[in-house]
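Chemist: What follows is coords07.tsv, made up of TSV, C-alpha atoms and all ligand atoms:
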```
chain	number	residue	atom	x	y	z
X	1	MET	CA	-38.15	-15.64	27.01
X	2	LYS	CA	-34.82	-16.72	25.68
X	3	LEU	CA	-31.65	-15.18	27.12
X	4	SER	CA	-28.58	-14.84	24.91
X	5	VAL	CA	-25.19	-14.33	26.51
X	6	ILE	CA	-22.46	-12.79	24.38
X	7	LEU	CA	-18.86	-13.51	25.30
X	8	PRO	CA	-16.05	-11.77	23.39
X	9	ILE	CA	-12.95	-13.91	23.75
X	10	TYR	CA	-9.38	-12.99	22.97
X	11	ASN	CA	-6.73	-15.31	24.43
X	12	GLU	CA	-8.79	-16.25	27.48
X	13	ASN	CA	-8.10	-19.98	27.45
X	14	ALA	CA	-6.91	-19.96	31.06
X	15	THR	CA	-10.22	-18.59	32.41
X	16	LEU	CA	-12.76	-20.23	30.10
X	17	ALA	CA	-13.28	-23.36	32.21
X	18	SER	CA	-13.86	-21.45	35.44
X	19	LEU	CA	-16.03	-18.90	33.60
X	20	PHE	CA	-18.36	-21.58	32.31
X	21	ALA	CA	-18.35	-23.35	35.68
X	22	ARG	CA	-19.72	-20.17	37.25
X	23	LEU	CA	-21.87	-18.86	34.41
X	24	VAL	CA	-23.82	-21.99	33.45
X	25	PRO	CA	-25.31	-22.68	36.94
X	26	VAL	CA	-26.46	-19.04	37.12
X	27	LEU	CA	-28.14	-19.32	33.73
X	28	GLU	CA	-29.78	-22.63	34.69
X	29	GLN	CA	-31.14	-20.91	37.75
X	30	VAL	CA	-32.61	-17.79	36.11
X	31	VAL	CA	-34.01	-18.99	32.79
X	32	SER	CA	-35.04	-22.24	31.18
X	33	ASP	CA	-34.20	-21.14	27.67
X	34	TRP	CA	-30.73	-19.69	27.09
X	35	GLU	CA	-27.81	-19.69	24.70
X	36	ILE	CA	-24.21	-18.58	24.90
X	37	ILE	CA	-22.61	-17.00	21.87
X	38	ALA	CA	-18.85	-17.06	22.18
X	39	ILE	CA	-16.89	-14.97	19.70
X	40	ASP	CA	-13.30	-16.01	19.34
X	41	ASP	CA	-11.68	-12.75	18.28
X	42	GLY	CA	-8.69	-14.37	16.59
X	43	SER	CA	-7.12	-15.82	19.76
X	44	GLN	CA	-3.65	-17.25	19.38
X	45	ASP	CA	-3.99	-19.56	22.38
X	46	ALA	CA	-6.13	-22.69	22.70
X	47	SER	CA	-9.38	-20.79	23.41
X	48	MET	CA	-11.02	-22.19	20.29
X	49	LYS	CA	-10.15	-25.77	21.21
X	50	THR	CA	-11.56	-25.30	24.70
X	51	LEU	CA	-14.75	-23.83	23.26
X	52	GLN	CA	-15.09	-26.82	20.94
X	53	ALA	CA	-14.67	-29.16	23.90
X	54	LEU	CA	-17.23	-27.21	25.93
X	55	ARG	CA	-19.67	-27.43	23.03
X	56	ARG	CA	-19.77	-31.18	23.38
X	57	GLN	CA	-21.29	-30.86	26.86
X	58	LEU	CA	-23.27	-27.69	26.21
X	59	PRO	CA	-25.54	-27.74	23.17
X	60	GLN	CA	-26.57	-24.18	24.09
X	61	LEU	CA	-23.10	-22.91	23.26
X	62	ARG	CA	-22.64	-21.44	19.82
X	63	VAL	CA	-19.25	-20.31	18.62
X	64	ILE	CA	-18.15	-17.79	16.03
X	65	LYS	CA	-14.49	-17.62	15.10
X	66	PHE	CA	-13.06	-14.52	13.47
X	67	SER	CA	-10.37	-14.84	10.81
X	68	ARG	CA	-8.11	-12.57	12.88
X	69	ASN	CA	-8.26	-10.17	15.81
X	70	PHE	CA	-10.84	-7.49	14.96
X	71	GLY	CA	-11.20	-6.02	18.46
X	72	LYS	CA	-13.81	-6.31	21.15
X	73	GLU	CA	-16.26	-3.88	19.55
X	74	ALA	CA	-16.37	-6.01	16.39
X	75	ALA	CA	-16.82	-9.15	18.48
X	76	LEU	CA	-19.76	-7.55	20.27
X	77	ALA	CA	-21.28	-6.49	16.95
X	78	ALA	CA	-21.04	-10.09	15.69
X	79	GLY	CA	-22.59	-11.40	18.91
X	80	LEU	CA	-25.45	-8.91	18.81
X	81	GLN	CA	-26.22	-9.88	15.23
X	82	ALA	CA	-26.19	-13.59	16.02
X	83	ALA	CA	-28.18	-13.42	19.28
X	84	MET	CA	-31.66	-14.88	19.03
X	85	GLY	CA	-32.87	-14.15	22.56
X	86	ALA	CA	-35.58	-11.75	23.68
X	87	ARG	CA	-32.95	-10.44	26.08
X	88	VAL	CA	-29.26	-10.25	25.45
X	89	LEU	CA	-26.51	-10.14	28.04
X	90	ILE	CA	-23.03	-8.86	27.22
X	91	MET	CA	-20.14	-9.69	29.52
X	92	ASP	CA	-16.34	-9.96	29.52
X	93	SER	CA	-14.97	-13.47	29.53
X	94	ASP	CA	-12.09	-12.79	31.94
X	95	LEU	CA	-14.36	-13.16	35.01
X	96	GLN	CA	-14.01	-9.48	35.86
X	97	HIS	CA	-17.77	-9.31	35.44
X	98	PRO	CA	-19.25	-11.59	38.13
X	99	PRO	CA	-21.87	-13.90	36.52
X	100	GLU	CA	-23.84	-13.93	39.78
X	101	LEU	CA	-24.89	-10.33	39.07
X	102	ILE	CA	-27.09	-11.62	36.23
X	103	LEU	CA	-29.75	-12.55	38.82
X	104	GLU	CA	-30.02	-8.96	39.98
X	105	MET	CA	-29.90	-7.62	36.44
X	106	MET	CA	-32.80	-9.80	35.37
X	107	GLU	CA	-34.82	-8.65	38.37
X	108	VAL	CA	-34.17	-4.98	37.64
X	109	GLN	CA	-35.11	-5.50	34.01
X	110	CYS	CA	-38.37	-7.18	34.99
X	111	GLN	CA	-39.23	-4.14	37.11
X	112	GLY	CA	-39.29	-2.16	33.90
X	113	ALA	CA	-36.00	-1.32	32.21
X	114	ASP	CA	-34.76	-1.96	28.70
X	115	VAL	CA	-31.11	-1.73	29.55
X	116	VAL	CA	-29.54	-2.78	32.82
X	117	TYR	CA	-25.88	-1.88	32.95
X	118	GLY	CA	-23.26	-2.78	35.49
X	119	VAL	CA	-21.38	0.07	37.16
X	120	ARG	CA	-18.09	-0.82	38.73
X	121	GLY	CA	-18.01	0.11	42.37
X	122	SER	CA	-14.28	0.25	42.89
X	123	ARG	CA	-11.18	0.56	40.78
X	124	GLN	CA	-9.00	-0.77	43.55
X	125	THR	CA	-7.34	-3.29	41.30
X	126	GLU	CA	-6.19	-0.66	38.82
X	127	SER	CA	-3.19	1.62	38.59
X	128	TRP	CA	-3.55	5.24	39.74
X	129	VAL	CA	-3.36	6.56	36.17
X	130	ARG	CA	-6.39	4.49	35.23
X	131	ARG	CA	-8.22	5.38	38.40
X	132	LEU	CA	-7.69	9.07	37.65
X	133	CYS	CA	-8.25	9.07	33.89
X	134	GLY	CA	-11.21	6.67	33.82
X	135	PRO	CA	-13.75	8.86	35.63
X	136	LEU	CA	-12.29	11.98	33.99
X	137	PHE	CA	-13.01	10.53	30.58
X	138	TYR	CA	-16.67	9.88	31.42
X	139	ARG	CA	-17.07	13.49	32.57
X	140	VAL	CA	-15.38	14.98	29.49
X	141	PHE	CA	-17.31	12.70	27.18
X	142	SER	CA	-20.67	13.46	28.75
X	143	ARG	CA	-19.99	17.21	28.45
X	144	ALA	CA	-18.80	17.05	24.86
X	145	ALA	CA	-21.06	14.40	23.38
X	146	GLU	CA	-24.65	14.71	22.34
X	147	VAL	CA	-25.49	11.83	24.70
X	148	PRO	CA	-24.18	11.57	28.26
X	149	ILE	CA	-22.78	8.19	29.29
X	150	PRO	CA	-22.99	6.97	32.89
X	151	ILE	CA	-19.78	7.27	34.90
X	152	ASN	CA	-17.98	3.93	35.13
X	153	GLY	CA	-20.76	2.23	33.20
X	154	SER	CA	-19.31	-0.96	31.81
X	155	ASP	CA	-19.90	-3.30	28.91
X	156	PHE	CA	-21.55	-5.66	31.38
X	157	ARG	CA	-25.16	-5.20	30.26
X	158	LEU	CA	-28.52	-6.77	29.80
X	159	LEU	CA	-30.39	-5.46	26.76
X	160	SER	CA	-33.96	-5.92	25.60
X	161	ARG	CA	-34.69	-7.13	22.08
X	162	ARG	CA	-35.70	-3.68	20.82
X	163	CYS	CA	-32.38	-2.24	22.04
X	164	VAL	CA	-30.45	-4.98	20.29
X	165	ASP	CA	-32.41	-4.36	17.09
X	166	ALA	CA	-31.67	-0.65	17.35
X	167	LEU	CA	-27.94	-1.34	17.84
X	168	ASN	CA	-27.89	-3.78	14.94
X	169	ALA	CA	-29.46	-1.17	12.71
X	170	LEU	CA	-26.60	1.28	13.26
X	171	PRO	CA	-24.46	1.15	10.14
X	172	GLU	CA	-21.32	2.77	11.46
X	173	ARG	CA	-17.93	1.14	11.25
X	174	VAL	CA	-16.30	3.02	14.09
X	175	ARG	CA	-18.24	1.51	16.95
X	176	PHE	CA	-17.79	3.16	20.29
X	177	MET	CA	-20.21	0.88	22.10
X	178	LYS	CA	-20.51	2.88	25.31
X	179	GLY	CA	-21.70	5.85	23.29
X	180	LEU	CA	-23.95	3.75	21.08
X	181	TYR	CA	-25.74	2.16	24.04
X	182	ALA	CA	-26.49	5.64	25.33
X	183	TRP	CA	-27.49	6.90	21.89
X	184	VAL	CA	-30.13	4.18	21.56
X	185	GLY	CA	-31.91	5.48	24.66
X	186	TYR	CA	-34.88	3.64	26.25
X	187	ARG	CA	-35.16	3.13	29.98
X	188	GLN	CA	-31.73	2.42	31.40
X	189	LYS	CA	-30.96	1.38	34.97
X	190	ALA	CA	-27.73	0.72	36.81
X	191	VAL	CA	-26.66	-2.10	39.09
X	192	TYR	CA	-23.42	-1.94	41.04
X	193	TYR	CA	-20.65	-4.50	41.28
X	194	ASP	CA	-17.01	-4.76	42.25
X	195	VAL	CA	-14.52	-5.54	39.53
X	196	GLU	CA	-12.63	-8.64	40.39
X	197	ALA	CA	-8.97	-8.82	39.62
X	198	ARG	CA	-8.20	-10.58	36.38
X	199	ARG	CA	-7.84	-14.33	36.99
X	200	SER	CA	-5.01	-14.75	34.57
X	201	GLY	CA	-3.28	-12.97	31.75
X	202	SER	CA	-3.27	-9.21	31.55
X	203	SER	CA	-5.67	-6.64	30.20
X	204	LYS	CA	-5.50	-6.31	26.44
X	205	TRP	CA	-5.77	-2.58	26.90
X	206	SER	CA	-2.48	-0.82	27.27
X	207	LEU	CA	-2.66	2.71	28.57
X	208	LEU	CA	-1.86	4.04	25.10
X	209	ARG	CA	-4.64	1.98	23.52
X	210	LEU	CA	-7.01	3.19	26.22
X	211	PHE	CA	-6.21	6.83	25.45
X	212	GLY	CA	-6.68	6.15	21.75
X	213	TYR	CA	-10.04	4.54	22.54
X	214	ALA	CA	-11.13	7.49	24.66
X	215	TRP	CA	-10.15	9.99	21.96
X	216	SER	CA	-11.85	7.96	19.26
X	217	GLY	CA	-14.98	7.85	21.42
X	218	ILE	CA	-15.05	11.62	21.79
X	219	VAL	CA	-14.39	12.21	18.09
X	220	SER	CA	-17.18	9.76	17.17
X	221	PHE	CA	-19.74	11.48	19.32
X	222	SER	CA	-18.85	15.15	19.38
X	223	VAL	CA	-17.97	17.97	17.00
X	224	ILE	CA	-16.61	20.16	19.79
X	225	PRO	CA	-12.97	19.33	18.90
X	226	LEU	CA	-13.70	20.84	15.46
X	227	ARG	CA	-15.56	23.86	16.74
X	228	VAL	CA	-13.08	24.81	19.40
X	229	TRP	CA	-10.61	25.94	16.71
X	230	SER	CA	-13.01	28.57	15.39
X	231	LEU	CA	-13.20	29.90	18.92
X	232	ILE	CA	-9.44	29.85	19.51
X	233	GLY	CA	-8.89	31.39	16.06
X	234	SER	CA	-11.32	34.21	16.75
X	235	VAL	CA	-9.76	34.98	20.12
X	236	ILE	CA	-6.24	35.06	18.64
X	237	ALA	CA	-7.37	37.19	15.69
X	238	GLY	CA	-9.10	39.60	18.05
X	239	LEU	CA	-6.03	39.89	20.26
X	240	SER	CA	-3.85	40.45	17.17
X	241	VAL	CA	-5.97	43.42	16.10
X	242	LEU	CA	-5.63	44.95	19.56
X	243	TYR	CA	-1.89	44.32	19.48
X	244	ALA	CA	-1.63	45.96	16.00
X	245	VAL	CA	-3.43	49.06	17.30
X	246	TRP	CA	-1.12	49.17	20.30
X	247	ILE	CA	2.05	48.88	18.13
X	248	THR	CA	0.83	51.64	15.80
X	249	LEU	CA	0.05	54.00	18.67
X	250	GLU	CA	3.33	53.16	20.38
X	251	THR	CA	5.34	53.94	17.21
X	252	LEU	CA	3.45	57.21	16.65
X	253	LEU	CA	3.79	58.40	20.25
X	254	PHE	CA	7.22	57.14	21.30
X	255	GLY	CA	8.99	56.51	18.03
X	256	ARG	CA	10.34	53.19	16.83
X	257	ASP	CA	11.02	50.60	19.48
X	258	LEU	CA	13.71	47.88	19.51
X	259	PRO	CA	13.19	45.23	16.81
X	260	GLY	CA	10.78	42.61	18.18
X	261	TYR	CA	12.62	39.44	17.22
X	262	ALA	CA	11.53	37.40	20.24
X	263	THR	CA	7.87	38.39	19.86
X	264	LEU	CA	7.92	37.37	16.20
X	265	ALA	CA	9.61	34.04	16.84
X	266	VAL	CA	7.21	33.10	19.64
X	267	ALA	CA	4.18	34.19	17.63
X	268	ILE	CA	5.27	32.14	14.60
X	269	PHE	CA	5.96	28.99	16.60
X	270	PHE	CA	2.81	29.33	18.65
X	271	LEU	CA	0.53	29.88	15.68
X	272	GLY	CA	2.32	27.21	13.65
X	273	GLY	CA	1.74	24.74	16.48
X	274	LEU	CA	-1.91	25.69	16.82
X	275	GLN	CA	-2.44	25.25	13.09
X	276	LEU	CA	-0.83	21.82	13.10
X	277	ILE	CA	-3.01	20.72	16.00
X	278	SER	CA	-6.15	21.95	14.30
X	279	ILE	CA	-5.18	20.21	11.05
X	280	GLY	CA	-4.60	17.07	13.11
X	281	VAL	CA	-8.08	17.32	14.57
X	282	LEU	CA	-9.53	17.79	11.08
X	283	GLY	CA	-7.57	14.71	10.06
X	284	GLU	CA	-9.24	12.68	12.82
X	285	TYR	CA	-12.65	13.44	11.39
X	286	ILE	CA	-11.52	12.84	7.82
X	287	ALA	CA	-10.08	9.48	8.92
X	288	ARG	CA	-13.48	8.62	10.32
X	289	ILE	CA	-15.23	9.64	7.10
X	290	PHE	CA	-12.66	7.55	5.22
X	291	ALA	CA	-13.36	4.50	7.39
X	292	GLU	CA	-17.11	4.89	6.95
X	293	THR	CA	-17.04	5.44	3.19
X	294	LYS	CA	-14.97	2.31	2.58
X	295	GLN	CA	-17.98	0.35	3.83
X	296	ARG	CA	-15.88	-2.61	4.88
X	297	PRO	CA	-17.62	-5.24	6.97
X	298	LEU	CA	-16.81	-5.05	10.68
X	299	PHE	CA	-15.33	-8.55	10.80
X	300	VAL	CA	-14.64	-11.67	8.77
X	301	ILE	CA	-15.97	-14.97	10.12
X	302	GLU	CA	-13.81	-18.04	9.65
X	303	GLU	CA	-15.93	-20.66	11.39
X	304	ARG	CA	-19.40	-20.89	12.90
X	305	HIS	CA	-20.46	-23.72	15.16
X	306	GLY	CA	-23.97	-24.39	16.41
X	307	PHE	CA	-25.78	-22.30	13.82
X	308	GLU	CA	-28.37	-23.81	11.51
X	309	ASP	CA	-26.86	-22.62	8.25
X	310	PRO	CA	-23.25	-23.76	7.88
X	311	ASP	CA	-21.98	-20.37	6.63
L	401	LIG	N1	-11.35	-8.80	23.94
L	401	LIG	C1	-11.64	-9.14	22.61
L	401	LIG	N2	-10.83	-8.64	21.61
L	401	LIG	C2	-9.78	-7.80	21.87
L	401	LIG	C3	-9.52	-7.45	23.22
L	401	LIG	C4	-10.33	-7.97	24.22
L	401	LIG	O1	-12.59	-9.86	22.34
L	401	LIG	O2	-9.09	-7.41	20.93
L	401	LIG	C5	-12.20	-9.35	25.02
L	401	LIG	C6	-11.44	-10.04	26.12
L	401	LIG	O3	-11.24	-11.41	25.85
L	401	LIG	C7	-12.35	-9.83	27.31
L	401	LIG	C8	-13.00	-8.50	27.03
L	401	LIG	O4	-12.86	-8.27	25.63
L	401	LIG	O5	-13.37	-10.81	27.37
L	401	LIG	C9	-12.38	-7.37	27.83
L	401	LIG	O6	-10.99	-7.33	27.59
L	401	LIG	P1	-9.93	-6.93	28.70
L	401	LIG	O7	-10.16	-7.73	29.94
L	401	LIG	O8	-8.60	-7.02	28.09
L	401	LIG	O9	-10.31	-5.42	28.96
L	401	LIG	P2	-10.46	-4.65	30.37
L	401	LIG	O10	-11.18	-5.57	31.31
L	401	LIG	O11	-9.08	-4.35	30.82
L	401	LIG	O12	-11.26	-3.44	30.01
L	402	MG	MG	-10.92	-7.39	31.75
```
So, in terms of structure tokens, how does the structure I just supplied come out?

Modeler:
Amino acid sequence: MKLSVILPIYNENATLASLFARLVPVLEQVVSDWEIIAIDDGSQDASMKTLQALRRQLPQLRVIKFSRNFGKEAALAAGLQAAMGARVLIMDSDLQHPPELILEMMEVQCQGADVVYGVRGSRQTESWVRRLCGPLFYRVFSRAAEVPIPINGSDFRLLSRRCVDALNALPERVRFMKGLYAWVGYRQKAVYYDVEARRSGSSKWSLLRLFGYAWSGIVSFSVIPLRVWSLIGSVIAGLSVLYAVWITLETLLFGRDLPGYATLAVAIFFLGGLQLISIGVLGEYIARIFAETKQRPLFVIEERHGFEDPD
């Protein structure tokens, strides 16, 4: 059974040599038939050159180069489409996912699992904001979305062929992979590992980008942000009716009160704010519909190396 390893690469030149030095012996040990599919996601450094050099020693390495940076999710989509193996492993190429864990993942899969996903044991290497917001996101997502995703489940995964086929069949352009893996279903099992500190460079995910990613994930998998406005609207409308009754009674019983300037101003600003927020949320969903209806491909490939057909 062939094993395909998918490596999304964006400016990882500094770690590529040590990654391959650790990954290849593990692969040699666990399977006889394997391939590595490296996707250069528009790196500006010498990653592509290094991959070309590595290809000379490793015929099992196949390389796809994007025409620009399309993001990790697009790189994974390209890798999943190109993978030929009966099992497919996805891992980061910054050595934060220890290649040695592949041994355990293969074992767990053989015991009867379609998907074996790595769960990070500690977030020691991360800032406190990330340590706090990371787990919180998984909880919120699992509550809001139609499919729960495992807490701290990572992109470090071993998938069976039928899972890969199911993922490849999903036509959506906005690809929140963590949600999609869960959506596909099948028997999923966890293995635990400790995230190593990044060898070099810094994470491509700024805190802002991470928040955007989390929000986009929730919007892709849940309609609760849309529904909540009906609820808030009903509550405010209900309270307004009560308040109207109260004002009427008050005027009838005690005569006219002082002009309620402050009440009016606060009510106008508050409701105006709420309406803007709810329009913003609507906009998020419309943006998603917009992205899907354009039907653009997920990525543009500039070069392919190691594939039978030259394009
Ligand atoms: N990556 C990519 N395209 C991007 C950003 C990242 O292919 O636009 C790759 C990157 O090279 C790495 C993996 O995705 O192999 C995870 O990226 P990173 O380490 O920056 O994310 P983190 O570990 O902080 O979640
Ligand atoms: Mg990383």

Chemist: Check which residues fall inside 7 Å of ligand MG 402 (chain L) when counting all atoms listed in the file, and print them as a ChimeraX atom specification.

Modeler: /X:92,94,96,198,203

Chemist: Of the candidates X:Ser278, X:Glu292, X:Asp114, X:Phe176, which one gets nearest to Leu231 of chain X if we count only C-alpha atoms?

Modeler: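 With only C-alpha atoms as the atom set, the closest residue is X:Ser278.
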
Chemist: Residues at most 8 Å from ligand LIG 401 (chain L), using only C-alpha atoms and all ligand atoms? Could they come as a PyMOL selection string?

Modeler: chain X and resi 7-12+39-42+69-73+75-76+91-94+96+198+202-205

Chemist: To one decimal in Å, tell me the separation between atom CA of Asp155 of chain X and atom CA of Leu103 of chain X.

Modeler: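 Going from atom CA of Asp155 of chain X over to atom CA of Leu103 of chain X, I get 16.8 Å.
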
Chemist: Tell me which protein, DNA and RNA residues are within 12 Å of Met177 of chain X, counting all atoms listed in the file, leaving out same-chain ones fewer than 5 positions away, and put them as number ranges by chain.

Modeler: X: 71-77, 80, 90, 149, 153-157, 164, 167-168, 170, 172, 182-184, 213-214, 216-218, 220-221

Chemist: Check the smallest atom-to-atom distance from each of X:Gly255, X:Gly118, X:Gly85, X:Pro150 to Pro98 of chain X using all atoms listed in the file, then report the winner.

Modeler: X:Gly118
